[in-house]
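See below for protein-v6.csv, which holds CSV, C-alpha atoms.
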chain,number,residue,atom,x,y,z
A,1,MET,CA,-6.8,-67.8,76.9
A,2,LEU,CA,-4.2,-65.9,78.8
A,3,ILE,CA,-1.1,-67.9,79.7
A,4,LYS,CA,0.9,-66.5,82.7
A,5,SER,CA,3.4,-69.3,83.1
A,6,SER,CA,4.8,-72.1,80.9
A,7,LYS,CA,3.6,-74.5,83.6
A,8,GLN,CA,0.0,-73.7,82.7
A,9,VAL,CA,-1.7,-76.3,80.4
A,10,SER,CA,-4.1,-74.6,78.0
A,11,ARG,CA,-7.7,-75.3,78.8
A,12,TRP,CA,-8.4,-75.2,75.1
A,13,ARG,CA,-8.1,-78.8,73.9
A,14,THR,CA,-8.8,-77.9,70.3
A,15,PRO,CA,-7.4,-77.3,67.8
A,16,LYS,CA,-5.0,-80.1,68.5
A,17,ARG,CA,-3.0,-79.8,65.3
A,18,PHE,CA,-2.4,-77.4,62.4
A,19,PRO,CA,-4.4,-78.2,59.3
A,20,VAL,CA,-1.8,-80.4,57.6
A,21,SER,CA,-2.1,-84.1,57.1
A,22,ARG,CA,-0.4,-86.3,59.6
A,23,ASN,CA,2.3,-87.5,57.3
A,24,SER,CA,2.7,-84.4,55.1
A,25,GLY,CA,6.3,-83.8,54.1
A,26,ALA,CA,7.5,-87.0,55.9
A,27,SER,CA,10.2,-89.0,54.1
A,28,PRO,CA,9.1,-92.6,53.2
A,29,ALA,CA,10.9,-94.0,56.3
A,30,SER,CA,9.2,-91.4,58.6
A,31,ARG,CA,5.6,-92.0,57.6
A,32,ILE,CA,3.6,-93.1,60.6
A,33,GLU,CA,1.4,-96.1,60.3
A,34,PRO,CA,-1.4,-97.4,62.5
A,35,GLY,CA,-0.3,-99.6,65.4
A,36,VAL,CA,-1.8,-102.0,67.8
A,37,SER,CA,-4.1,-101.4,70.8
A,38,TRP,CA,-2.9,-103.2,73.9
A,39,PRO,CA,-5.5,-104.9,76.2
A,40,GLU,CA,-7.2,-102.6,78.7
A,41,PRO,CA,-6.9,-103.2,82.5
A,42,GLU,CA,-9.8,-105.3,83.9
A,43,GLY,CA,-12.0,-103.9,86.6
A,44,ALA,CA,-10.6,-100.4,86.4
A,45,THR,CA,-12.8,-97.3,87.1
A,46,ARG,CA,-10.3,-94.7,86.0
A,47,VAL,CA,-8.8,-95.7,82.7
A,48,GLN,CA,-6.2,-93.5,81.0
A,49,ARG,CA,-5.2,-94.2,77.4
A,50,PHE,CA,-2.0,-93.2,75.7
A,51,LYS,CA,-1.3,-93.1,72.0
A,52,VAL,CA,2.5,-93.5,71.9
A,53,TYR,CA,4.9,-93.2,68.9
A,54,ARG,CA,6.8,-96.4,68.5
A,55,HIS,CA,9.7,-97.2,66.3
A,56,ASP,CA,11.8,-100.3,66.3
A,57,PRO,CA,15.0,-99.9,64.2
A,58,GLU,CA,15.5,-103.6,64.0
A,59,SER,CA,12.1,-104.4,62.6
A,60,GLY,CA,12.8,-102.5,59.3
A,61,LYS,CA,9.2,-101.2,59.5
A,62,ASN,CA,7.9,-97.7,59.7
A,63,PRO,CA,7.0,-95.9,62.9
A,64,ARG,CA,3.5,-96.6,64.3
A,65,ILE,CA,1.2,-95.4,67.0
A,66,ASP,CA,0.4,-97.9,69.7
A,67,THR,CA,-2.4,-97.4,72.2
A,68,TYR,CA,-1.9,-98.4,75.9
A,69,ALA,CA,-4.4,-98.2,78.7
A,70,ILE,CA,-3.6,-98.1,82.4
A,71,ASP,CA,-5.6,-98.1,85.7
A,72,ARG,CA,-5.1,-94.6,87.3
A,73,ASP,CA,-5.8,-96.1,90.7
A,74,LYS,CA,-2.8,-98.4,90.4
A,75,CYS,CA,-0.4,-95.8,89.0
A,76,GLY,CA,1.8,-93.0,90.3
A,77,PRO,CA,0.8,-89.4,89.7
A,78,MET,CA,3.0,-88.4,86.8
A,79,LEU,CA,3.2,-89.3,83.1
A,80,LEU,CA,6.6,-90.8,83.7
A,81,ASP,CA,5.1,-93.2,86.3
A,82,ALA,CA,2.6,-94.3,83.7
A,83,LEU,CA,5.3,-94.9,81.1
A,84,ILE,CA,7.3,-96.9,83.6
A,85,LYS,CA,4.2,-98.9,84.5
A,86,ILE,CA,3.5,-99.6,80.9
A,87,LYS,CA,7.1,-100.8,80.4
A,88,ASN,CA,7.0,-102.9,83.6
A,89,GLU,CA,3.5,-104.5,83.2
A,90,ILE,CA,2.4,-104.3,79.6
A,91,ASP,CA,5.1,-103.9,77.0
A,92,PRO,CA,8.8,-104.1,78.1
A,93,THR,CA,10.0,-103.0,74.7
A,94,LEU,CA,8.7,-99.4,75.2
A,95,THR,CA,11.8,-97.3,75.2
A,96,PHE,CA,12.4,-93.8,76.7
A,97,ARG,CA,15.0,-91.8,78.5
A,98,ARG,CA,14.6,-91.0,82.1
A,99,SER,CA,16.8,-90.4,85.1
A,100,CYS,CA,16.1,-88.0,88.0
A,101,ARG,CA,12.2,-88.1,87.9
A,102,GLU,CA,12.0,-84.6,89.4
A,103,GLY,CA,12.6,-82.2,86.5
A,104,VAL,CA,16.3,-81.5,87.0
A,105,CYS,CA,18.0,-83.7,84.4
A,106,GLY,CA,15.9,-83.1,81.3
A,107,SER,CA,16.1,-86.7,80.1
A,108,CYS,CA,12.4,-87.4,79.7
A,109,ALA,CA,11.6,-84.4,77.5
A,110,MET,CA,8.9,-85.5,75.0
A,111,ASN,CA,5.9,-84.2,73.1
A,112,ILE,CA,2.9,-84.6,75.3
A,113,ASP,CA,-0.5,-83.8,73.9
A,114,GLY,CA,1.2,-81.7,71.2
A,115,THR,CA,3.6,-79.6,73.3
A,116,ASN,CA,7.0,-80.4,74.8
A,117,TRP,CA,7.5,-81.0,78.5
A,118,LEU,CA,9.2,-83.3,80.9
A,119,ALA,CA,7.2,-86.5,81.5
A,120,CYS,CA,8.3,-86.6,85.1
A,121,ILE,CA,6.7,-83.3,86.0
A,122,ARG,CA,3.6,-83.6,83.9
A,123,SER,CA,0.7,-84.8,86.1
A,124,LEU,CA,-1.7,-87.3,84.7
A,125,ASP,CA,-4.4,-84.9,85.9
A,126,GLU,CA,-3.2,-82.4,83.3
A,127,ILE,CA,-3.3,-84.6,80.2
A,128,SER,CA,-6.0,-85.5,77.7
A,129,GLU,CA,-7.9,-88.8,77.5
A,130,PRO,CA,-6.6,-90.3,75.3
A,131,SER,CA,-3.3,-88.6,75.5
A,132,THR,CA,-0.6,-88.5,72.8
A,133,VAL,CA,3.0,-89.1,73.4
A,134,TYR,CA,5.7,-88.5,70.8
A,135,PRO,CA,9.4,-88.0,70.8
A,136,LEU,CA,10.8,-84.5,70.7
A,137,ASN,CA,10.1,-83.0,67.3
A,138,ASN,CA,12.3,-83.0,64.2
A,139,MET,CA,14.9,-85.4,65.5
A,140,ASP,CA,16.1,-88.7,64.0
A,141,VAL,CA,14.5,-91.4,66.1
A,142,ILE,CA,16.8,-94.0,67.6
A,143,LYS,CA,14.0,-96.0,69.1
A,144,ASP,CA,10.5,-95.1,70.3
A,145,LEU,CA,10.7,-91.9,72.3
A,146,VAL,CA,14.5,-91.6,72.1
A,147,GLY,CA,15.6,-88.9,69.6
A,148,ASP,CA,19.2,-88.6,68.4
A,149,GLN,CA,20.7,-85.4,69.9
A,150,THR,CA,24.0,-85.6,68.0
A,151,HIS,CA,23.1,-82.5,65.9
A,152,VAL,CA,21.9,-80.3,68.7
A,153,LEU,CA,24.8,-81.2,70.9
A,154,ALA,CA,27.2,-80.4,68.0
A,155,GLN,CA,25.5,-77.0,67.8
A,156,TYR,CA,26.1,-76.6,71.5
A,157,GLN,CA,29.8,-77.3,71.0
A,158,SER,CA,29.9,-74.8,68.2
A,159,ILE,CA,29.2,-71.9,70.6
A,160,THR,CA,32.2,-72.9,72.8
A,161,PRO,CA,30.3,-73.3,76.0
A,162,TRP,CA,33.3,-72.8,78.2
A,163,LEU,CA,35.3,-69.9,79.7
A,164,ARG,CA,37.5,-68.1,77.1
A,165,SER,CA,40.0,-65.8,78.7
A,166,LYS,CA,43.4,-64.4,77.8
A,167,THR,CA,44.5,-63.2,81.2
A,168,PRO,CA,46.2,-65.8,83.4
A,169,ALA,CA,44.1,-67.2,86.3
A,170,PRO,CA,44.7,-65.3,89.5
A,171,ALA,CA,47.0,-67.0,92.0
A,172,GLY,CA,45.5,-68.6,95.1
A,173,HIS,CA,41.9,-68.1,94.2
A,174,GLU,CA,39.3,-68.5,91.5
A,175,ARG,CA,38.2,-65.8,89.1
A,176,LEU,CA,35.9,-63.9,91.3
A,177,GLN,CA,32.5,-62.3,90.6
A,178,SER,CA,30.6,-59.7,92.5
A,179,PRO,CA,27.0,-60.7,93.5
A,180,GLU,CA,25.7,-58.3,90.8
A,181,GLU,CA,27.9,-60.0,88.1
A,182,ARG,CA,26.7,-63.4,89.2
A,183,LYS,CA,23.1,-62.2,89.0
A,184,ARG,CA,23.4,-61.7,85.3
A,185,LEU,CA,23.6,-65.4,84.8
A,186,ASP,CA,20.2,-65.9,86.4
A,187,GLY,CA,17.7,-67.2,83.9
A,188,ASP,CA,20.5,-68.7,81.9
A,189,TYR,CA,22.3,-71.1,84.2
A,190,GLU,CA,19.1,-73.0,85.1
A,191,CYS,CA,18.9,-74.4,81.5
A,192,ILE,CA,19.1,-78.2,81.7
A,193,LEU,CA,19.4,-78.7,77.9
A,194,CYS,CA,16.3,-80.9,77.6
A,195,PHE,CA,15.7,-79.3,74.1
A,196,CYS,CA,12.0,-78.9,74.7
A,197,CYS,CA,12.3,-75.4,73.2
A,198,THR,CA,14.5,-76.2,70.2
A,199,ALA,CA,12.3,-79.1,69.3
A,200,GLY,CA,9.3,-76.9,69.5
A,201,CYS,CA,10.7,-74.0,67.4
A,202,PRO,CA,9.3,-73.8,63.8
A,203,SER,CA,12.4,-71.9,62.6
A,204,HIS,CA,14.5,-74.8,63.9
A,205,TRP,CA,12.2,-77.3,62.0
A,206,TRP,CA,12.8,-75.5,58.7
A,207,ASN,CA,16.4,-74.3,59.2
A,208,GLY,CA,17.8,-76.5,62.0
A,209,ASP,CA,20.8,-77.4,59.9
A,210,ARG,CA,22.2,-73.9,60.4
A,211,PHE,CA,19.9,-72.1,62.8
A,212,LEU,CA,21.2,-72.8,66.4
A,213,GLY,CA,17.8,-72.8,68.0
A,214,PRO,CA,16.6,-71.4,71.3
A,215,ALA,CA,18.4,-73.7,73.8
A,216,ILE,CA,21.8,-73.1,72.2
A,217,LEU,CA,21.3,-69.4,71.8
A,218,LEU,CA,20.3,-69.1,75.5
A,219,GLN,CA,23.5,-70.9,76.3
A,220,ALA,CA,25.4,-68.5,74.1
A,221,HIS,CA,23.8,-65.7,76.0
A,222,ARG,CA,25.0,-67.3,79.3
A,223,TRP,CA,28.7,-66.9,78.1
A,224,LEU,CA,28.2,-63.5,76.6
A,225,VAL,CA,27.1,-62.0,80.0
A,226,ASP,CA,29.6,-63.9,82.1
A,227,SER,CA,31.9,-61.2,83.6
A,228,ARG,CA,34.8,-63.6,83.7
A,229,ASP,CA,34.7,-64.4,80.0
A,230,GLU,CA,36.9,-62.3,77.8
A,231,ALA,CA,35.8,-63.3,74.3
A,232,THR,CA,32.5,-61.4,74.2
A,233,GLY,CA,33.5,-59.7,70.9
A,234,GLU,CA,34.6,-62.9,69.2
A,235,ARG,CA,31.4,-64.6,70.4
A,236,LEU,CA,29.2,-61.9,68.9
A,237,ASP,CA,31.2,-62.1,65.7
A,238,GLU,CA,30.6,-65.8,65.5
A,239,LEU,CA,26.8,-65.4,66.1
A,240,GLU,CA,26.4,-62.5,63.6
A,241,ASP,CA,25.2,-64.7,60.8
A,242,PRO,CA,21.9,-64.7,58.9
A,243,PHE,CA,21.2,-68.3,59.9
A,244,LYS,CA,22.9,-69.0,63.3
A,245,LEU,CA,21.1,-66.2,65.1
A,246,TYR,CA,18.8,-64.3,62.7
A,247,ARG,CA,16.5,-67.2,61.8
A,248,CYS,CA,14.8,-66.5,65.1
A,249,HIS,CA,11.6,-64.7,64.1
A,250,THR,CA,10.4,-64.3,67.7
A,251,ILE,CA,7.7,-66.9,67.4
A,252,LEU,CA,8.2,-67.6,71.1
A,253,ASN,CA,7.1,-71.2,71.2
A,254,CYS,CA,10.3,-71.6,73.2
A,255,THR,CA,9.2,-69.4,76.1
A,256,ARG,CA,5.8,-71.0,76.1
A,257,THR,CA,7.2,-74.5,76.4
A,258,CYS,CA,10.3,-74.2,78.7
A,259,PRO,CA,9.7,-76.7,81.6
A,260,LYS,CA,12.2,-74.6,83.8
A,261,GLY,CA,10.2,-71.4,83.2
A,262,LEU,CA,13.1,-69.7,81.4
A,263,ASN,CA,12.8,-67.2,78.6
A,264,PRO,CA,15.0,-68.2,75.6
A,265,GLY,CA,13.1,-65.7,73.3
A,266,LYS,CA,14.1,-62.8,75.5
A,267,LYS,CA,17.7,-63.9,75.7
A,268,ILE,CA,17.9,-64.1,71.9
A,269,ALA,CA,16.5,-60.6,71.6
A,270,GLU,CA,19.2,-59.5,74.0
A,271,ILE,CA,21.9,-61.0,71.9
A,272,LYS,CA,20.5,-59.2,68.8
A,273,LEU,CA,20.5,-55.9,70.8
A,274,MET,CA,24.1,-56.5,72.0
A,275,ILE,CA,25.1,-56.8,68.3
A,276,GLN,CA,23.3,-53.6,67.4
A,277,GLN,CA,24.6,-51.7,70.4
A,278,ARG,CA,28.3,-52.4,69.8
A,279,ARG,CA,27.9,-50.8,66.4
A,280,SER,CA,26.9,-47.4,67.8
B,1,MET,CA,26.6,-95.0,60.9
B,2,THR,CA,24.9,-96.4,57.8
B,3,THR,CA,21.8,-97.1,59.9
B,4,ALA,CA,21.5,-93.5,60.9
B,5,LYS,CA,20.4,-92.6,57.3
B,6,LEU,CA,17.4,-95.0,57.6
B,7,ARG,CA,16.2,-93.4,60.9
B,8,PRO,CA,12.7,-91.9,60.7
B,9,ARG,CA,12.4,-88.1,61.5
B,10,SER,CA,10.0,-87.4,64.4
B,11,PRO,CA,7.0,-85.3,63.3
B,12,ASP,CA,6.9,-81.6,64.1
B,13,VAL,CA,4.3,-79.3,62.4
B,14,GLN,CA,2.1,-82.3,61.8
B,15,ILE,CA,1.6,-82.9,65.5
B,16,TYR,CA,2.6,-79.7,67.4
B,17,LYS,CA,-0.3,-78.0,69.1
B,18,PRO,CA,-1.3,-74.6,67.6
B,19,GLN,CA,-0.7,-71.9,70.2
B,20,LEU,CA,-1.2,-68.1,70.2
B,21,THR,CA,2.5,-67.7,69.8
B,22,SER,CA,2.9,-69.8,66.6
B,23,VAL,CA,-0.5,-68.9,65.2
B,24,LEU,CA,0.0,-65.2,65.4
B,25,SER,CA,3.5,-65.6,63.9
B,26,ILE,CA,2.2,-67.5,60.8
B,27,VAL,CA,-0.7,-65.1,60.4
B,28,HIS,CA,1.8,-62.2,60.4
B,29,ARG,CA,3.6,-63.9,57.5
B,30,MET,CA,0.4,-64.7,55.6
B,31,THR,CA,-0.9,-61.1,56.0
B,32,GLY,CA,2.5,-59.9,54.8
B,33,VAL,CA,2.2,-61.9,51.6
B,34,PHE,CA,-1.4,-61.0,51.1
B,35,LEU,CA,-0.6,-57.3,51.5
B,36,SER,CA,2.1,-57.5,48.8
B,37,LEU,CA,-0.5,-58.9,46.4
B,38,GLY,CA,-2.8,-56.1,47.5
B,39,SER,CA,-0.2,-53.5,46.6
B,40,VAL,CA,-0.5,-54.7,43.0
B,41,LEU,CA,-4.2,-54.0,43.2
B,42,LEU,CA,-3.6,-50.6,44.6
B,43,VAL,CA,-1.3,-49.7,41.7
B,44,ALA,CA,-4.0,-51.1,39.2
B,45,TRP,CA,-6.6,-48.8,40.9
B,46,LEU,CA,-4.2,-45.8,40.7
B,47,VAL,CA,-3.6,-46.5,37.0
B,48,ALA,CA,-7.4,-46.7,36.5
B,49,VAL,CA,-7.8,-43.3,38.2
B,50,VAL,CA,-5.3,-41.8,35.8
B,51,ASP,CA,-6.8,-43.5,32.8
B,52,GLY,CA,-10.3,-42.4,34.0
B,53,GLY,CA,-13.6,-43.0,32.2
B,54,ASP,CA,-14.4,-46.6,31.2
B,55,THR,CA,-11.3,-48.1,32.8
B,56,TYR,CA,-12.1,-46.6,36.2
B,57,ALA,CA,-15.7,-47.6,35.9
B,58,MET,CA,-14.7,-51.2,35.2
B,59,VAL,CA,-12.3,-51.4,38.2
B,60,GLU,CA,-14.9,-49.7,40.4
B,61,ARG,CA,-17.6,-52.1,39.3
B,62,TRP,CA,-15.3,-55.1,40.0
B,63,LEU,CA,-14.3,-53.7,43.4
B,64,ARG,CA,-18.0,-53.3,44.4
B,65,SER,CA,-18.9,-56.8,43.4
B,66,TRP,CA,-19.1,-59.2,46.4
B,67,ILE,CA,-15.8,-60.8,45.6
B,68,GLY,CA,-14.1,-57.4,45.4
B,69,LEU,CA,-15.7,-56.3,48.7
B,70,LEU,CA,-14.6,-59.6,50.3
B,71,LEU,CA,-11.0,-59.1,49.1
B,72,LEU,CA,-11.0,-55.5,50.3
B,73,LEU,CA,-12.3,-56.6,53.7
B,74,GLY,CA,-9.5,-59.1,53.8
B,75,TRP,CA,-6.9,-56.5,52.9
B,76,THR,CA,-8.2,-54.1,55.5
B,77,PHE,CA,-7.8,-56.8,58.2
B,78,ALA,CA,-4.4,-57.8,56.9
B,79,LEU,CA,-3.2,-54.2,57.0
B,80,PHE,CA,-4.3,-53.6,60.6
B,81,TYR,CA,-3.2,-57.0,61.8
B,82,HIS,CA,0.3,-56.6,60.2
B,83,LEU,CA,0.5,-53.0,61.5
B,84,CYS,CA,-0.5,-53.9,65.1
B,85,ASN,CA,1.6,-57.1,65.3
B,86,GLY,CA,4.5,-55.2,63.7
B,87,ILE,CA,4.4,-52.7,66.6
B,88,ARG,CA,4.5,-55.8,68.9
B,89,HIS,CA,7.6,-57.0,67.1
B,90,LEU,CA,9.3,-53.6,67.4
B,91,ALA,CA,8.7,-53.7,71.2
B,92,TRP,CA,10.3,-57.1,71.3
B,93,ASP,CA,13.3,-55.8,69.3
B,94,LEU,CA,13.8,-53.3,72.1
B,95,ASP,CA,13.6,-56.1,74.7
B,96,PHE,CA,10.2,-55.1,76.0
B,97,GLY,CA,7.2,-57.4,76.7
B,98,PHE,CA,8.8,-60.8,76.9
B,99,GLU,CA,7.1,-62.1,80.0
B,100,LEU,CA,4.8,-64.9,79.0
B,101,ARG,CA,1.8,-62.9,80.4
B,102,SER,CA,2.8,-59.9,78.3
B,103,ILE,CA,3.3,-62.1,75.2
B,104,TYR,CA,-0.3,-63.4,75.6
B,105,LEU,CA,-1.8,-60.1,76.6
B,106,SER,CA,-0.2,-58.2,73.7
B,107,GLY,CA,-1.1,-61.1,71.3
B,108,TRP,CA,-4.8,-60.9,72.2
B,109,THR,CA,-4.7,-57.1,72.1
B,110,VAL,CA,-3.4,-57.3,68.5
B,111,VAL,CA,-6.2,-59.7,67.6
B,112,ALA,CA,-8.9,-57.5,69.1
B,113,ALA,CA,-7.4,-54.2,67.9
B,114,SER,CA,-7.1,-55.4,64.3
B,115,MET,CA,-10.7,-56.6,64.3
B,116,ILE,CA,-12.0,-53.4,65.9
B,117,LEU,CA,-10.0,-51.2,63.5
B,118,THR,CA,-11.4,-53.2,60.5
B,119,VAL,CA,-15.0,-52.8,61.6
B,120,LEU,CA,-14.5,-49.1,62.3
B,121,THR,CA,-12.9,-48.5,58.9
B,122,TRP,CA,-15.8,-50.3,57.1
B,123,THR,CA,-18.5,-48.6,59.2
B,124,LEU,CA,-16.9,-45.3,58.2
B,125,GLY,CA,-16.3,-46.3,54.6
B,126,LEU,CA,-19.8,-47.6,54.1
B,127,ALA,CA,-21.3,-44.5,55.8
B,128,VAL,CA,-19.4,-42.2,53.3
B,129,LEU,CA,-20.6,-44.3,50.4
B,130,GLU,CA,-24.3,-44.0,51.3

Could I get this file's structure written as structure tokens?
Amino acid sequence: MLIKSSKQVSRWRTPKRFPVSRNSGASPASRIEPGVSWPEPEGATRVQRFKVYRHDPESGKNPRIDTYAIDRDKCGPMLLDALIKIKNEIDPTLTFRRSCREGVCGSCAMNIDGTNWLACIRSLDEISEPSTVYPLNNMDVIKDLVGDQTHVLAQYQSITPWLRSKTPAPAGHERLQSPEERKRLDGDYECILCFCCTAGCPSHWWNGDRFLGPAILLQAHRWLVDSRDEATGERLDELEDPFKLYRCHTILNCTRTCPKGLNPGKKIAEIKLMIQQRRS
Amino acid sequence: MTTAKLRPRSPDVQIYKPQLTSVLSIVHRMTGVFLSLGSVLLVAWLVAVVDGGDTYAMVERWLRSWIGLLLLLGWTFALFYHLCNGIRHLAWDLDFGFELRSIYLSGWTVVAASMILTVLTWTLGLAVLE
């Protein structure tokens, strides 16, 4: 079907997965085992079930999939409401990140029904029955739905996400921008670093140790087009690398999944063009 | 930090939902590999043409068997798919067609175009053979 906005949930519920076995390529400690089914609510007319990835680091056991069921009539409208309800009323050990509950902080990014999105802005009307909830892909799991972001944040630091300038700051006022110069940051500054895109990028799955991934390259673009930054050449030099930038093969899972409706794929193509254009 | 080593890695390709974006990308790769194998066959066919006679007859017979025809059909589709999607990639390299709607529209166009071109080629080819 035709997708016009990343907000749109595909009406095609199948295929749910690529034809690979559920644990193919997983290290022994990463293999997912069957979990438990928690009791269903009594007297409920609208039951919603969730198959949730669980991992307890203190148990010494492998990750498992637990099934929870809630009464839709006694739950808030969003997936995050359901997760909080499960934590409050069924299983207090269920662990996930959350903060703003309105899609501006990026904490509750997770893999919902096979694609990445923020739990706080995913309506329960839009999910499958039963729905699957996993942590963001290809991350070391600290507990349940909480992935370790140390590596992606180190990659963020590697692109020096701050103003690099040689000229002294003007006296008495900030470094000024014209409205046109400021406009160039549109589509970049809105990124909340939820890592839905990077976690959904196949290139980052295979080469994430060196490929920076869509979120970080979009941030790199943000500093490349900033009129106040004076290190554009150095920044391009640093990015011109077979792995850091050019492992992007324009798959565009990033643009499809961005909960803020941004376009990391386009921004990466613009960085590649900037490198080509400065040669001529 | 010793516990960090024991942490499980969350699943990726095992659970991520196939979408037009990722499916067309992996098919682009697979058709690329398939076409490189086909170029070997093309060379074999050219050698057979040069050698003529029995060699050519043998290759021709093999190509007209059902498995030969099936492979040729596959190579025709692979060629047109890789060509059409390659043009899509060239447009992206020039920063065109990145809106999600354009990505999906051009994607489905590539699927339809490569199928239509394959059918057209075979209709023409079979008509000439008759």

Margin query: Can you work out which residues from chain A touch chain B at a cut-off of 8 Å (counting only C-alpha atoms) and hand them back as a ChimeraX atom specification?
Written below: /A:1-6,15-18,20-24,26-27,29-31,57,62-63,111,113-115,134-142,147,199-200,202,205,250-253,255-256,263,265-266,269-270,272-273

Note to self: Show me, as a ChimeraX atom specification, the residues that have an atom within 12 Å of stretch 36-51 of chain B when counting all atoms listed in the file, minus same-chain residues fewer than 4 positions from it.
What the structure shows: /B:29-32,55-63,68,71-79,82

Margin query: I'd like the neighbourhood of B:Ala113 as a PyMOL selection string, where a residue qualifies if any of its atoms comes within 9 Å (using all atoms listed in the file), though same-chain residues fewer than 5 positions away should be ignored.
Written below: chain B and resi 80-81+84+108+118

Item checked: Who sits within 10 Å of stretch 237-244 of chain A, all atoms listed in the file, same chain under 2 positions skipped, as a PyMOL selection string -> chain A and resi 155+158-159+203+207-213+216-217+220+231-235+246-248+271-272+275

Notebook entry, point to check: How far is it from atom CA of A:Ser37 to atom CA of A:Asp66, in Å with one decimal?
Noted result: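 Result for atom CA of A:Ser37 versus atom CA of A:Asp66: 5.8 Å, one decimal.
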
Margin query: Need to verify the contact set: A:Cys196, 8 Å, only C-alpha atoms, exclusion of same-chain residues closer than 3 positions in sequence. Can you return it as JSON, numbers by chain?
Written below: {"A": [109, 110, 116, 117, 136, 199, 200, 254, 257, 258, 259]}

Item checked: Exercise: A:Cys120 partners within 8 Å, only C-alpha atoms, chain neighbours under 4 positions left out, as a VMD selection string -> chain A and resid 78 to 81 101 to 103 108

Could the residues in this selection be saved with C-alpha atoms as a short mmCIF file (atom, residue, chain, number, x, y, z; two decimals), keeping the file's coordinate frame?
data_model
loop_
_atom_site.label_atom_id
_atom_site.label_comp_id
_atom_site.auth_asym_id
_atom_site.auth_seq_id
_atom_site.Cartn_x
_atom_site.Cartn_y
_atom_site.Cartn_z
CA MET A 78 3.00 -88.40 86.80
CA LEU A 79 3.20 -89.30 83.10
CA LEU A 80 6.60 -90.80 83.70
CA ASP A 81 5.10 -93.20 86.30
CA ARG A 101 12.20 -88.10 87.90
CA GLU A 102 12.00 -84.60 89.40
CA GLY A 103 12.60 -82.20 86.50
CA CYS A 108 12.40 -87.40 79.70
#

Next item on the list: Return the single residue from A:Cys105, A:Leu224, A:Ala154, A:Val146 that is closest to A:Leu118, with distances computed using all atoms listed in the file.
Entry: A:Cys105

Notebook entry, point to check: What gap, in Å, lies between atom CA of A:Lys183 and atom CA of B:Ala91?
Noted result: 24.4 Å

Margin query: Can you measure atom CA of A:Leu83 to atom CA of A:Cys201 for me? One decimal in Å is fine.
Written below: 25.6 Å

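Among A:Glu129, A:Asp71, A:Glu33, A:Asp229, the residue with the shortest atom-to-atom distance to A:Arg175, counting all atoms listed in the file, is A:Asp229.
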